[in-house]
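The structure under discussion appears below in the form of structure tokens.
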Amino acid sequence: MTRLALHEEAPTRILACVTFALAACGKSPARGPIQVTDSGPVRTVHIADLARAPFPTWSTRLVATTESNDSLTFSPTVRAAFTADSNLWIAAASEAIVLGPDGQVRRKVGRRGAGPGEFGLIFHLGITATNSVMMSEFGSGRMAEFRATGALVRTVARIGGDVGPDVDPITQLADGRILATLWQQRPNRLTNPALPAGTTFRDSAPLLVLDSTGTRIGQLGVWRGRERARVDLSGEPAGLPLPFGRNAVYDGRGEFTVIGSTDSLDLSLFQGSTLVLRLLGPLRSEQPSAEQTADWEQAVPAEDSATGAAYLGAIAGAPRVAALPAIGAVVVDDAGNLWIGRYVVRPGAPRTWYVISRRGEPLGRVELPAASPVLMPGSVELLDVAGGRLAVRRNTAGGEVVVDVREVVRP
């Protein structure tokens with residue numbers, strides 16, 4: 001991974017193998033092998049094993065759900081975020097549904113179209129540093145900013161300029177700058193060269209800095225993205241994701257942005273454009289089991305019934321991955337805490353989320369039924385965290401996508 005020079009500054013000072021006071025749970029300090037290194041504004045935290053670190057167990061309580069509202073339907077790519085007034089914005093195709101704290105619909109924002117505040121398909125929905133809501137459109141790079149009241153603030157015609165159509169905004173800072181990345185960089189697209197059959201390669205995931213007009217003005221680093229193989233799909237060359245392939249994970253909320261690759265526990269947290277935390281752990285060496293392979297082969301056609309079978313056939317002869325990804329997802333909450341999800345393939349299987357403060361302190365762990373996109377970009381089950389509440393995507397027994405609001409219960 002290529003990082004800014006500030007990532008690799010001068011010799012650091014090892015503080016200690018520390019014990020963190022878990023103030024959130026009100027209990028006496030727990031001990032664990034967590035090493036902290038400070039270098040200027042950057043704190044580096046090494047955690048040898050998340051599963052063995054001193055995280056108190058949290059639970060959640062259901063507060064509201066969309067399941068009882070038959071008029072609300074969502075796709076697996078659903079996005080959601082809480083505003084400071086405790087409302088929950090949920091992207092539903094070309095509009096956002098705004099739910100009050102009681103779960104009732106307060107308003108709808110946006111509509112289908114290509115004009116200001118209109119969308120074909122909403123790809124990203126997030127909260128800016130000024131508590132406005134930013135939404136972007138899939139495939140066009142168009143972004144709109146709304147006040148929490150639903151009033152349109154502005155529209156950006158194309159974020160990233162000539163970077164390409166696959167730009168994903170992460171957050172917008174208080175000074176109007178936008179942080180964004182690329183969710184894919186396939187060969188044979190734009191200036192990406194074609195590769196020989198059988199080649200494996202990685203997308204790159206740069207952390208881009210854009211000005212308020214969406215023009216690229218800088219870059220905070222480059223991470224290794226989705227792992228692909230060059231194969232033939234229906235007679236055409238394609239760069240297809242490898243089963244259990246490694247990827248980049250990222251999220252942003254307000255002034256905080258987190259990004260990293262899933263090869264190991266290796267996450268970088270930025271406050272504004274300043275790196276403030278590196279969270280490190282060992283590489284994972286566990287290979288996919290027969291059960292996980294079967295889960296993958298079932299998940300692909302379930303996610304994409306049109307091309308899933310063709311994908312499995314095309315990828316059958318591709319090289320196998322050496323090990324599973326170390327982590328599966330990451331979310332940053334309204335306080336800048338990191339929620340790190342274990343790698344899970346089977347939908348509905350329990351996924352443990354580890355919560356770490358922006359100073360690197362272990363706060364808690366909680367389990368949620370996993371929902372992970374396999375091929376296409378989508379949302380995992382944990383959509384947003386703010387004010388001690390979680391927005392959680394869930395599939396009903398009938399396959400319907402619903403959004404639950406859950407409250408964290410600490411011991």
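Labels for the structure tokens follow display order: chains A, B, ..., residues from 1 in each chain, ligands from 1.
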
Could you produce a table of the residues of stretch 186-291 of chain A lying within 10 Å of stretch 334-350 of chain A, with the nearest pair of atoms per residue and their separation in Å rounded to one decimal, using only C-alpha atoms, ordered by chain and increasing residue number, as a tab-separated table?
```
residue	atom	partner	partner_atom	distance
A:Phe244	CA	A:Val345	CA	8.5
A:Asp251	CA	A:Leu338	CA	9.5
A:Gly252	CA	A:Gly336	CA	9.0
A:Arg253	CA	A:Asp334	CA	6.5
A:Gly254	CA	A:Asp334	CA	7.4
A:Glu255	CA	A:Gly336	CA	8.2
A:Phe256	CA	A:Gly336	CA	5.9
A:Thr257	CA	A:Gly336	CA	8.3
A:Val258	CA	A:Leu338	CA	8.0
A:Thr262	CA	A:Tyr343	CA	8.9
A:Leu265	CA	A:Ile340	CA	9.2
A:Leu267	CA	A:Leu338	CA	9.4
A:Leu269	CA	A:Gly336	CA	8.5
A:Phe270	CA	A:Gly336	CA	9.3
A:Gln271	CA	A:Gly336	CA	8.3
A:Leu279	CA	A:Leu338	CA	9.8
A:Glu291	CA	A:Arg346	CA	9.4
```

For the selection just defined, write its residues with C-alpha atoms to a file, as a JSON list (two decimals), in the first residue's frame.
```json
[["chain", "number", "residue", "atom", "x", "y", "z"],
["A", 244, "PHE", "CA", -13.16, -14.72, -1.28],
["A", 251, "ASP", "CA", -16.63, 4.63, 5.26],
["A", 252, "GLY", "CA", -17.05, 8.23, 6.29],
["A", 253, "ARG", "CA", -19.23, 10.41, 8.48],
["A", 254, "GLY", "CA", -18.76, 14.12, 9.00],
["A", 255, "GLU", "CA", -15.08, 14.91, 9.56],
["A", 256, "PHE", "CA", -14.08, 11.25, 9.90],
["A", 257, "THR", "CA", -13.03, 8.86, 7.12],
["A", 258, "VAL", "CA", -11.69, 5.33, 7.48],
["A", 262, "THR", "CA", -8.92, -6.50, 3.92],
["A", 265, "LEU", "CA", -6.41, -5.57, 9.98],
["A", 267, "LEU", "CA", -7.18, 0.68, 8.83],
["A", 269, "LEU", "CA", -8.66, 6.92, 10.23],
["A", 270, "PHE", "CA", -8.57, 10.52, 9.03],
["A", 271, "GLN", "CA", -10.05, 13.53, 10.79],
["A", 279, "LEU", "CA", -5.12, 0.24, 13.47],
["A", 291, "GLU", "CA", -18.76, -25.05, 3.66]]
```

**OP:** Write out as a PyMOL selection string the residues lying within 10 Å of A:Leu312, counting only C-alpha atoms and excluding same-chain residues fewer than 4 positions away.
**Re:** chain A and resi 233+240+243+296-297+300-301+307-308+316-317

Subject >> A:Val45 environment, 7 Å, only C-alpha atoms, sequence neighbours closer than 3 positions dropped, as a PyMOL selection string >> reply: chain A and resi 34-37+278-280+360

**OP:** Please indicate the distance in Å from atom CA of A:Ser59 to atom CA of A:Val409, rounded to one decimal place.
**Re:** 5.1 Å

**OP:** Within stretch 235-403 of chain A, find each residue whose DSSP state, derived from the backbone, is strand (DSSP E), and express the selection as a VMD selection string.
**Re:** chain A and resid 236 to 241 248 to 253 256 to 261 264 to 271 274 to 283 329 to 332 338 to 341 350 to 356 362 to 369 382 to 386 389 to 395 401 to 403

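Counting only C-alpha atoms, the residue from A:Val355, A:Ala371, A:Ile90, A:Ile159 that sits nearest to A:Lys108 is A:Ile90.
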
**OP:** Identify, on the basis of only C-alpha atoms, every residue whose closest approach to A:Ala318 does not exceed 10 Å; exclude the query and any residue fewer than 3 positions from it along the same chain; express the result as a list in words.
**Re:** Ala197, Gly198, Thr199, Thr200, Arg228, Ala229, Arg230, Val231, Leu240, Leu242, Pro243, Gly313, Ala314, Ile315 and Val321 of chain A

Original post:
Mind checking DSSP for stretch 136-316 of chain A and telling me the helix (DSSP H, G or I) residues as number ranges by chain?
Top reply: A: 161-163, 290-303, 308-315

Subject >> Close residues, stretch 130-137 of chain A itself excluded, 8 Å, only C-alpha atoms, min 5 positions apart in chain, as a PyMOL selection string >> reply: chain A and resi 83-84+119-125+142-148+168-169+171-174+254

**OP:** Using only C-alpha atoms, determine which residues lie at most 6 Å from A:Gly100, disregarding the query and same-chain residues fewer than 4 positions distant; provide the list as a list of chain:residue names.
**Re:** A:Asn87, A:Gln104, A:Arg106
